[in-house]
file coords_24.txt (compact mmCIF, C-alpha atoms)
# COMPACT_ATOMS: atom_id res chain seq x y z
CA MET A 1 -0.79 2.85 49.32
CA SER A 2 -0.22 6.59 49.29
CA MET A 3 -1.06 8.83 46.36
CA ARG A 4 2.62 9.47 45.73
CA THR A 5 3.36 5.75 45.57
CA LYS A 6 0.47 5.20 43.17
CA ARG A 7 1.81 7.91 40.88
CA SER A 8 5.27 6.37 40.96
CA VAL A 9 3.87 2.94 40.07
CA ARG A 10 1.78 4.42 37.27
CA ALA A 11 4.82 6.30 35.91
CA GLY A 12 6.87 3.10 36.01
CA GLN A 13 4.15 1.27 34.09
CA TYR A 14 4.11 3.95 31.40
CA VAL A 15 7.89 3.86 31.10
CA ALA A 16 7.86 0.07 30.77
CA LEU A 17 5.10 0.28 28.14
CA LEU A 18 7.04 2.93 26.22
CA CYS A 19 10.19 0.79 26.25
CA TYR A 20 8.18 -2.18 25.00
CA LEU A 21 6.66 -0.13 22.17
CA VAL A 22 10.11 1.10 21.15
CA PHE A 23 11.36 -2.51 21.19
CA LEU A 24 8.50 -3.59 18.90
CA ALA A 25 8.75 -0.60 16.57
CA PHE A 26 12.55 -0.72 16.11
CA PRO A 27 12.66 -3.44 13.38
CA PHE A 28 9.90 -1.80 11.35
CA LEU A 29 11.44 1.68 11.61
CA TRP A 30 14.83 0.31 10.59
CA LEU A 31 13.16 -1.50 7.67
CA ILE A 32 11.63 1.77 6.45
CA SER A 33 14.96 3.56 6.80
CA THR A 34 16.79 0.84 4.86
CA ALA A 35 14.18 0.80 2.09
CA PHE A 36 14.84 4.46 1.26
CA LYS A 37 18.64 4.43 1.57
CA PRO A 38 20.86 4.48 -1.56
CA ALA A 39 23.53 1.83 -2.01
CA PRO A 40 26.45 3.89 -0.60
CA GLU A 41 24.57 4.49 2.66
CA LEU A 42 23.63 0.82 2.95
CA GLY A 43 27.31 -0.11 2.86
CA SER A 44 28.41 2.65 5.22
CA LEU A 45 30.33 1.71 8.38
CA HIS A 46 28.39 4.39 10.26
CA PRO A 47 24.71 3.78 9.53
CA THR A 48 22.18 6.49 10.31
CA TRP A 49 18.53 6.32 11.28
CA ILE A 50 17.38 8.83 8.68
CA PRO A 51 18.56 8.40 5.07
CA GLN A 52 20.83 11.28 4.08
CA HIS A 53 19.82 11.03 0.43
CA PRO A 54 16.46 9.18 0.31
CA THR A 55 15.69 7.42 -2.95
CA LEU A 56 13.06 5.22 -4.57
CA ASP A 57 15.61 3.21 -6.54
CA ASN A 58 15.27 0.25 -4.18
CA PHE A 59 11.55 0.02 -4.95
CA ARG A 60 12.14 0.25 -8.70
CA GLN A 61 14.86 -2.40 -8.51
CA ALA A 62 12.65 -4.69 -6.42
CA PHE A 63 9.87 -4.62 -9.02
CA ASP A 64 12.37 -5.10 -11.84
CA GLU A 65 14.07 -8.11 -10.24
CA GLN A 66 11.05 -10.05 -8.97
CA PRO A 67 7.37 -10.41 -9.99
CA LEU A 68 6.06 -8.76 -6.82
CA LEU A 69 2.65 -7.83 -8.25
CA ARG A 70 1.93 -11.38 -9.37
CA ALA A 71 3.11 -12.77 -6.04
CA ALA A 72 0.99 -10.22 -4.18
CA ALA A 73 -2.03 -11.26 -6.27
CA ASN A 74 -1.42 -14.91 -5.38
CA SER A 75 -1.14 -14.05 -1.71
CA LEU A 76 -4.29 -11.94 -1.88
CA ILE A 77 -6.30 -14.72 -3.52
CA ALA A 78 -5.09 -17.33 -1.04
CA ALA A 79 -5.56 -15.11 2.03
CA LEU A 80 -9.01 -13.81 1.06
CA SER A 81 -10.29 -17.25 0.14
CA ALA A 82 -8.91 -18.85 3.30
CA GLY A 83 -10.39 -16.14 5.52
CA LEU A 84 -13.85 -16.32 3.95
CA ILE A 85 -14.05 -20.12 3.87
CA ALA A 86 -12.76 -20.48 7.44
CA VAL A 87 -15.38 -18.05 8.72
CA LEU A 88 -18.20 -19.70 6.76
CA ILE A 89 -17.32 -23.07 8.29
CA ALA A 90 -16.49 -21.85 11.79
CA THR A 91 -19.55 -19.65 12.39
CA PRO A 92 -22.26 -22.36 12.52
CA MET A 93 -19.89 -24.71 14.35
CA ALA A 94 -19.14 -22.04 16.95
CA TYR A 95 -22.84 -21.38 17.46
CA VAL A 96 -23.59 -25.05 18.12
CA MET A 97 -20.62 -25.42 20.49
CA ALA A 98 -21.54 -22.26 22.42
CA ARG A 99 -25.29 -22.86 22.69
CA HIS A 100 -25.28 -26.63 23.23
CA ARG A 101 -22.65 -27.42 25.83
CA THR A 102 -22.13 -31.17 25.97
CA ARG A 103 -19.16 -33.40 26.64
CA LEU A 104 -18.57 -33.58 22.91
CA SER A 105 -18.44 -29.78 22.53
CA THR A 106 -16.15 -29.53 25.57
CA ALA A 107 -13.84 -32.15 24.08
CA ALA A 108 -13.92 -30.33 20.74
CA THR A 109 -12.95 -27.08 22.42
CA GLY A 110 -10.05 -28.80 24.16
CA TRP A 111 -8.92 -30.32 20.87
CA VAL A 112 -9.00 -26.87 19.25
CA VAL A 113 -6.61 -25.54 21.88
CA VAL A 114 -4.31 -28.59 21.74
CA SER A 115 -4.15 -28.55 17.94
CA GLN A 116 -2.48 -25.14 18.00
CA ALA A 117 0.52 -26.67 19.74
CA PHE A 118 1.43 -28.95 16.81
CA PRO A 119 4.49 -27.68 14.90
CA PHE A 120 4.37 -27.25 11.14
CA VAL A 121 7.01 -29.93 10.58
CA LEU A 122 4.76 -32.68 11.96
CA LEU A 123 1.93 -31.72 9.62
CA ILE A 124 3.65 -30.99 6.35
CA ILE A 125 4.32 -34.60 5.27
CA PRO A 126 0.72 -35.86 5.82
CA LEU A 127 -0.63 -32.72 4.19
CA PHE A 128 1.70 -33.14 1.22
CA LEU A 129 0.62 -36.75 0.70
CA VAL A 130 -3.07 -35.88 0.94
CA LEU A 131 -2.75 -33.01 -1.52
CA LYS A 132 -0.68 -35.16 -3.85
CA ASN A 133 -3.45 -37.77 -3.98
CA LEU A 134 -5.95 -34.99 -4.69
CA HIS A 135 -3.67 -33.55 -7.42
CA LEU A 136 -3.54 -30.22 -5.61
CA ILE A 137 0.22 -29.85 -5.23
CA ASN A 138 1.51 -26.63 -6.81
CA THR A 139 -1.98 -25.10 -6.92
CA LEU A 140 -3.44 -22.15 -5.06
CA TRP A 141 -6.51 -24.20 -4.17
CA GLY A 142 -4.35 -26.76 -2.41
CA LEU A 143 -2.64 -23.99 -0.47
CA ILE A 144 -6.02 -22.43 0.36
CA MET A 145 -7.23 -25.77 1.77
CA VAL A 146 -4.19 -25.92 4.03
CA TYR A 147 -4.72 -22.34 5.20
CA VAL A 148 -8.39 -23.05 5.96
CA VAL A 149 -7.51 -26.13 8.01
CA TRP A 150 -4.80 -24.22 9.84
CA ALA A 151 -6.96 -21.16 10.56
CA LEU A 152 -10.13 -23.06 11.46
CA PRO A 153 -9.25 -23.98 15.09
CA PHE A 154 -8.39 -20.41 16.03
CA ALA A 155 -11.41 -19.03 14.15
CA LEU A 156 -13.67 -21.52 15.92
CA TRP A 157 -12.23 -20.73 19.34
CA MET A 158 -12.56 -17.01 18.73
CA LEU A 159 -16.14 -17.17 17.44
CA VAL A 160 -17.28 -19.36 20.34
CA GLY A 161 -16.37 -16.52 22.66
CA TYR A 162 -18.36 -14.04 20.60
CA VAL A 163 -21.42 -16.32 20.48
CA ARG A 164 -21.35 -16.82 24.24
CA ALA A 165 -21.28 -13.04 24.66
CA VAL A 166 -24.60 -12.70 22.80
CA PRO A 167 -27.44 -12.77 25.41
CA ARG A 168 -29.69 -15.80 25.17
CA GLU A 169 -32.59 -13.59 26.20
CA LEU A 170 -32.61 -11.94 22.78
CA GLU A 171 -33.06 -15.27 21.02
CA GLU A 172 -35.70 -16.36 23.52
CA ALA A 173 -37.60 -13.10 22.98
CA ALA A 174 -37.51 -13.63 19.22
CA ALA A 175 -38.84 -17.20 19.69
CA VAL A 176 -41.69 -15.88 21.84
CA ASP A 177 -42.57 -13.43 19.05
CA GLY A 178 -42.93 -16.39 16.69
CA ALA A 179 -39.58 -16.30 14.91
CA GLY A 180 -38.16 -19.67 13.88
CA ARG A 181 -34.61 -20.82 14.57
CA LEU A 182 -33.30 -19.76 11.15
CA ARG A 183 -34.95 -16.34 11.28
CA THR A 184 -33.63 -15.81 14.81
CA LEU A 185 -30.11 -16.60 13.70
CA VAL A 186 -30.29 -14.33 10.66
CA SER A 187 -32.18 -11.38 12.18
CA VAL A 188 -31.01 -11.38 15.81
CA THR A 189 -27.78 -13.31 16.34
CA ALA A 190 -25.94 -12.61 13.08
CA PRO A 191 -25.97 -8.77 13.39
CA LEU A 192 -24.48 -9.02 16.89
CA LEU A 193 -21.85 -11.48 15.66
CA ALA A 194 -20.91 -9.36 12.64
CA PRO A 195 -17.99 -7.51 14.34
CA GLY A 196 -16.62 -10.80 15.66
CA ILE A 197 -16.96 -12.46 12.27
CA VAL A 198 -15.11 -9.59 10.60
CA ALA A 199 -12.34 -9.68 13.21
CA THR A 200 -11.96 -13.45 12.84
CA ALA A 201 -11.85 -13.21 9.05
CA LEU A 202 -9.18 -10.52 9.24
CA PHE A 203 -7.07 -12.58 11.61
CA ALA A 204 -7.32 -15.54 9.23
CA PHE A 205 -6.42 -13.24 6.34
CA ILE A 206 -3.31 -11.88 8.06
CA THR A 207 -2.19 -15.38 9.07
CA ALA A 208 -2.47 -16.61 5.49
CA TRP A 209 -0.91 -13.44 4.04
CA ASN A 210 2.22 -13.79 6.19
CA GLU A 211 2.54 -17.60 6.00
CA PHE A 212 5.76 -18.88 4.47
CA PHE A 213 6.48 -22.53 5.25
CA PHE A 214 3.47 -24.21 3.62
CA ALA A 215 3.74 -21.97 0.55
CA LEU A 216 7.43 -22.80 0.18
CA VAL A 217 6.83 -26.56 0.28
CA LEU A 218 3.60 -26.82 -1.71
CA LEU A 219 4.20 -24.29 -4.52
CA LYS A 220 6.91 -25.16 -7.01
CA THR A 221 6.56 -22.93 -10.06
CA PRO A 222 7.38 -19.20 -9.79
CA GLU A 223 4.00 -18.25 -11.29
CA LYS A 224 2.17 -19.75 -8.28
CA GLN A 225 4.43 -18.54 -5.47
CA THR A 226 3.17 -16.12 -2.83
CA LEU A 227 4.78 -12.91 -1.67
CA PRO A 228 6.68 -14.27 1.39
CA VAL A 229 8.30 -16.93 -0.81
CA VAL A 230 9.26 -14.43 -3.51
CA LEU A 231 10.96 -12.26 -0.89
CA THR A 232 13.51 -15.04 -0.33
CA HIS A 233 14.64 -14.63 -3.95
CA PHE A 234 16.44 -11.44 -2.91
CA LEU A 235 18.79 -13.64 -0.84
CA GLY A 236 21.83 -14.90 -2.71
CA ALA A 237 24.31 -17.67 -2.06
CA GLU A 238 25.90 -18.03 1.38
CA GLY A 239 23.48 -15.58 2.99
CA ALA A 240 24.32 -12.62 0.75
CA SER A 241 21.33 -10.37 0.17
CA ASP A 242 20.31 -7.50 -2.03
CA LEU A 243 19.52 -5.45 1.06
CA GLY A 244 17.96 -2.35 -0.46
CA PRO A 245 15.42 -4.04 -2.76
CA LEU A 246 14.73 -6.68 -0.08
CA ALA A 247 13.88 -3.99 2.47
CA ALA A 248 11.69 -2.16 -0.05
CA ALA A 249 9.78 -5.32 -0.98
CA ALA A 250 9.42 -6.38 2.66
CA PHE A 251 8.08 -2.93 3.54
CA LEU A 252 5.42 -3.15 0.83
CA ALA A 253 4.51 -6.69 1.94
CA THR A 254 4.10 -5.53 5.55
CA LEU A 255 1.73 -2.65 4.82
CA PRO A 256 -1.47 -4.73 4.30
CA SER A 257 -0.96 -6.52 7.62
CA LEU A 258 -0.49 -3.25 9.46
CA VAL A 259 -3.57 -1.66 7.93
CA LEU A 260 -5.75 -4.70 8.60
CA PHE A 261 -4.42 -5.03 12.14
CA ALA A 262 -5.48 -1.45 12.83
CA VAL A 263 -8.96 -2.35 11.56
CA ILE A 264 -9.01 -5.50 13.69
CA GLN A 265 -8.47 -3.53 16.89
CA ARG A 266 -11.63 -1.50 16.30
CA ARG A 267 -13.67 -4.52 15.24
CA ILE A 268 -12.66 -6.55 18.28
CA THR A 269 -13.62 -3.73 20.62
CA GLY A 270 -16.90 -3.20 18.80
CA GLY A 271 -17.70 -6.91 18.93
CA MET A 272 -17.01 -7.16 22.64
CA LEU A 273 -19.20 -4.15 23.38
CA ALA A 274 -22.00 -5.44 21.14
CA GLY A 275 -21.99 -8.80 22.88
CA ALA A 276 -21.90 -7.23 26.32
CA VAL A 277 -25.06 -5.15 25.84
CA LYS A 278 -28.08 -6.91 27.31
CA ASN A 279 -31.58 -5.66 26.82
call {"tool": "encode", "arguments": {"input": "coords_24.txt", "output": "structure tokens"}}
result
Amino acid sequence: MSMRTKRSVRAGQYVALLCYLVFLAFPFLWLISTAFKPAPELGSLHPTWIPQHPTLDNFRQAFDEQPLLRAAANSLIAALSAGLIAVLIATPMAYVMARHRTRLSTAATGWVVVSQAFPFVLLIIPLFLVLKNLHLINTLWGLIMVYVVWALPFALWMLVGYVRAVPRELEEAAAVDGAGRLRTLVSVTAPLLAPGIVATALFAFITAWNEFFFALVLLKTPEKQTLPVVLTHFLGAEGASDLGPLAAAAFLATLPSLVLFAVIQRRITGGMLAGAVKN
């Protein structure tokens, strides 16, 4: 392949990537534009990208109409708890599965992958009955349990990869120096797994923060509802919506995911590099 052909292929790849980025960014950019538009511009037959008269009235109206702060607090509690608990359970399990490869661990890994294919609808009735017997319907702890169970397979699969990237030679060297299994895990393996653990916890957090279906079914009273469920209250009968406040509230609800996703990218890269370094 000539140099000119290579440059043409590279240019085509960049153009395709740019088009894909524009495709992904379009809904979010339009959401921001809508959030700052006054009512007359929202009803205009000739919408514009940039608001002609930007306003914060949509944000004020959104907070006046719905308890967004309380819903955000509920989402934060559920997402943080689910992320931390999932990581605490998945980390030792991932270590055992990665370091002791048996037929059972192979079957468990396969089950982790298969379990992600189950749709929510198949799981909601058994989950509802179990939580009802435990008296956890309409409670944040019941929702947290569901989020932990739902996030655990992915967290386990992700952490197994990070554990396998940690060189065995480091643990063997620590054992030769007289360190026990627990001390080796705490002093040698855990620091190398820290970026992967953080990345996994953040993924679990974002999944729980954005989840809607389970929260809609399991939480009944408005005081317990999470932010994605409260956003549906801006929708009226027959699909009518209060577009300005809805866009403003959705924009505020999206910000934490975007910030944490930016952090995740750095943590994932750092974890991969840390696991790839062999002494």
call {"tool": "atom_distance", "arguments": {"input": "coords_24.txt", "atom1": "atom CA of A:Thr221", "atom2": "atom CA of A:Ala86"}}
result
26.2 Å
call {"tool": "residues_near_point", "arguments": {"input": "coords_24.txt", "point": "(10.1, -1.3, 8.1)", "cutoff": "10 Å", "atoms": "all atoms listed in the file", "output": "CSV table (one decimal) with C-alpha atoms, keeping the file's coordinate frame"}}
result
chain,number,residue,atom,x,y,z
A,25,ALA,CA,8.8,-0.6,16.6
A,26,PHE,CA,12.6,-0.7,16.1
A,27,PRO,CA,12.7,-3.4,13.4
A,28,PHE,CA,9.9,-1.8,11.4
A,29,LEU,CA,11.4,1.7,11.6
A,30,TRP,CA,14.8,0.3,10.6
A,31,LEU,CA,13.2,-1.5,7.7
A,32,ILE,CA,11.6,1.8,6.4
A,33,SER,CA,15.0,3.6,6.8
A,34,THR,CA,16.8,0.8,4.9
A,35,ALA,CA,14.2,0.8,2.1
A,247,ALA,CA,13.9,-4.0,2.5
A,248,ALA,CA,11.7,-2.2,0.0
A,249,ALA,CA,9.8,-5.3,-1.0
A,250,ALA,CA,9.4,-6.4,2.7
A,251,PHE,CA,8.1,-2.9,3.5
A,252,LEU,CA,5.4,-3.2,0.8
A,253,ALA,CA,4.5,-6.7,1.9
A,254,THR,CA,4.1,-5.5,5.6
A,255,LEU,CA,1.7,-2.6,4.8
call {"tool": "residues_around", "arguments": {"input": "coords_24.txt", "residues": "stretch 154-158 of chain A", "least_positions_apart": "5", "cutoff": "6 Å", "atoms": "only C-alpha atoms", "output": "JSON, numbers by chain"}}
result
{"A": [90, 94, 200]}
call {"tool": "closest_residue", "arguments": {"input": "coords_24.txt", "among": "A:Asn210, A:Asn133, A:Thr226, A:Thr5", "to": "A:Ile77", "atoms": "all atoms listed in the file"}}
result
A:Thr226
call {"tool": "residues_around", "arguments": {"input": "coords_24.txt", "residues": "stretch 166-175 of chain A", "least_positions_apart": "3", "cutoff": "7 Å", "atoms": "only C-alpha atoms", "output": "list in words"}}
result
Tyr162, Val163, Gly178, Ala179, Gly180, Thr184, Val188, Leu192, Gly275 and Lys278 of chain A
call {"tool": "atom_distance", "arguments": {"input": "coords_24.txt", "atom1": "atom CA of A:Ile125", "atom2": "atom CA of A:Val217"}}
result
9.8 Å
call {"tool": "residues_around", "arguments": {"input": "coords_24.txt", "residues": "A:Tyr147", "least_positions_apart": "2", "cutoff": "9 Å", "atoms": "only C-alpha atoms", "output": "ChimeraX atom specification"}}
result
/A:78-79,82-83,86,142-145,149-152,204,207-208,211,214
call {"tool": "atom_distance", "arguments": {"input": "coords_24.txt", "atom1": "atom CA of A:Ile197", "atom2": "atom CA of A:Ala262"}}
result
15.9 Å
call {"tool": "axis_aligned_box", "arguments": {"input": "coords_24.txt", "around": "stretch 8-23 of chain A", "padding_each_side": "4 Å", "output": "JSON"}}
result
{"center_x": 6.6, "center_y": 1.9, "center_z": 31.1, "size_x": 17.6, "size_y": 16.9, "size_z": 27.8}
call {"tool": "residues_near_point", "arguments": {"input": "coords_24.txt", "point": "(20.6, -6.6, -6.5)", "cutoff": "12 Å", "atoms": "only C-alpha atoms", "output": "PyMOL selection string"}}
result
chain A and resi 39+57-66+233-236+240-248
call {"tool": "closest_residue", "arguments": {"input": "coords_24.txt", "among": "A:Ala201, A:Val186, A:Leu131, A:Val259", "to": "A:Ile85", "atoms": "all atoms listed in the file"}}
result
A:Ala201
call {"tool": "residues_around", "arguments": {"input": "coords_24.txt", "residues": "A:Pro54", "least_positions_apart": "3", "cutoff": "9 Å", "atoms": "all atoms listed in the file", "output": "PyMOL selection string"}}
result
chain A and resi 33+35-38+50-51
call {"tool": "closest_residue", "arguments": {"input": "coords_24.txt", "among": "A:Phe205, A:Phe213, A:Phe261, A:Trp141", "to": "A:Pro119", "atoms": "all atoms listed in the file"}}
result
A:Phe213
call {"tool": "closest_residue", "arguments": {"input": "coords_24.txt", "among": "A:Thr55, A:Pro153, A:Leu76, A:Leu129", "to": "A:Gly110", "atoms": "only C-alpha atoms"}}
result
A:Pro153
call {"tool": "decode", "arguments": {"input": "coords_24.txt", "residues": "stretch 196-273 of chain A", "atoms": "C-alpha atoms", "output": "compact mmCIF listing (two decimals), in the first residue's frame"}}
result
# COMPACT_ATOMS: atom_id res chain seq x y z
CA GLY A 196 -9.63 -1.46 38.41
CA ILE A 197 -11.68 -1.47 41.59
CA VAL A 198 -12.38 2.25 41.23
CA ALA A 199 -13.35 1.86 37.58
CA THR A 200 -15.67 -1.05 38.40
CA ALA A 201 -17.29 0.86 41.25
CA LEU A 202 -17.88 3.86 38.99
CA PHE A 203 -19.45 1.70 36.30
CA ALA A 204 -21.77 0.18 38.91
CA PHE A 205 -22.57 3.67 40.19
CA ILE A 206 -23.47 4.99 36.74
CA THR A 207 -25.60 1.93 35.98
CA ALA A 208 -27.58 2.39 39.20
CA TRP A 209 -27.81 6.18 38.78
CA ASN A 210 -29.38 5.88 35.32
CA GLU A 211 -31.59 2.84 36.04
CA PHE A 212 -35.32 3.40 35.60
CA PHE A 213 -37.33 0.18 35.29
CA PHE A 214 -36.61 -1.42 38.67
CA ALA A 215 -37.05 1.90 40.47
CA LEU A 216 -40.39 2.48 38.76
CA VAL A 217 -41.77 -0.92 39.78
CA LEU A 218 -40.34 -1.23 43.29
CA LEU A 219 -40.76 2.32 44.63
CA LYS A 220 -44.32 3.50 45.16
CA THR A 221 -44.28 6.63 47.32
CA PRO A 222 -42.93 9.91 45.88
CA GLU A 223 -40.58 10.36 48.85
CA LYS A 224 -38.64 7.20 47.87
CA GLN A 225 -38.50 7.67 44.10
CA THR A 226 -35.20 8.17 42.30
CA LEU A 227 -34.31 10.86 39.80
CA PRO A 228 -35.07 8.93 36.55
CA VAL A 229 -38.57 8.14 37.85
CA VAL A 230 -39.23 11.74 38.91
CA LEU A 231 -38.28 12.93 35.42
CA THR A 232 -41.32 11.10 34.03
CA HIS A 233 -43.55 13.38 36.12
CA PHE A 234 -42.87 16.16 33.61
CA LEU A 235 -44.81 14.10 31.04
CA GLY A 236 -48.53 14.77 30.97
CA ALA A 237 -51.48 12.89 29.55
CA GLU A 238 -51.35 11.55 25.99
CA GLY A 239 -47.62 12.19 25.67
CA ALA A 240 -47.76 15.92 26.34
CA SER A 241 -44.66 17.18 28.10
CA ASP A 242 -43.43 20.27 29.86
CA LEU A 243 -40.47 20.40 27.50
CA GLY A 244 -38.42 23.22 28.99
CA PRO A 245 -38.36 22.04 32.62
CA LEU A 246 -37.99 18.43 31.45
CA ALA A 247 -34.89 19.31 29.42
CA ALA A 248 -33.45 21.31 32.32
CA ALA A 249 -34.00 18.47 34.80
CA ALA A 250 -32.65 15.86 32.37
CA PHE A 251 -29.55 17.99 31.78
CA LEU A 252 -28.85 18.20 35.52
CA ALA A 253 -29.44 14.44 35.89
CA THR A 254 -26.97 13.71 33.08
CA LEU A 255 -24.09 15.75 34.47
CA PRO A 256 -22.95 13.25 37.18
CA SER A 257 -22.77 10.43 34.63
CA LEU A 258 -20.69 12.52 32.26
CA VAL A 259 -18.27 13.61 34.96
CA LEU A 260 -17.85 10.09 36.32
CA PHE A 261 -17.46 8.65 32.83
CA ALA A 262 -14.58 11.06 32.20
CA VAL A 263 -12.98 9.80 35.42
CA ILE A 264 -13.57 6.19 34.41
CA GLN A 265 -11.60 6.60 31.19
CA ARG A 266 -8.48 7.63 33.11
CA ARG A 267 -8.91 4.92 35.75
CA ILE A 268 -9.34 2.17 33.17
CA THR A 269 -6.20 3.24 31.34
CA GLY A 270 -4.27 3.50 34.60
CA GLY A 271 -5.46 0.06 35.70
CA MET A 272 -4.47 -1.58 32.44
CA LEU A 273 -1.02 -0.02 32.56
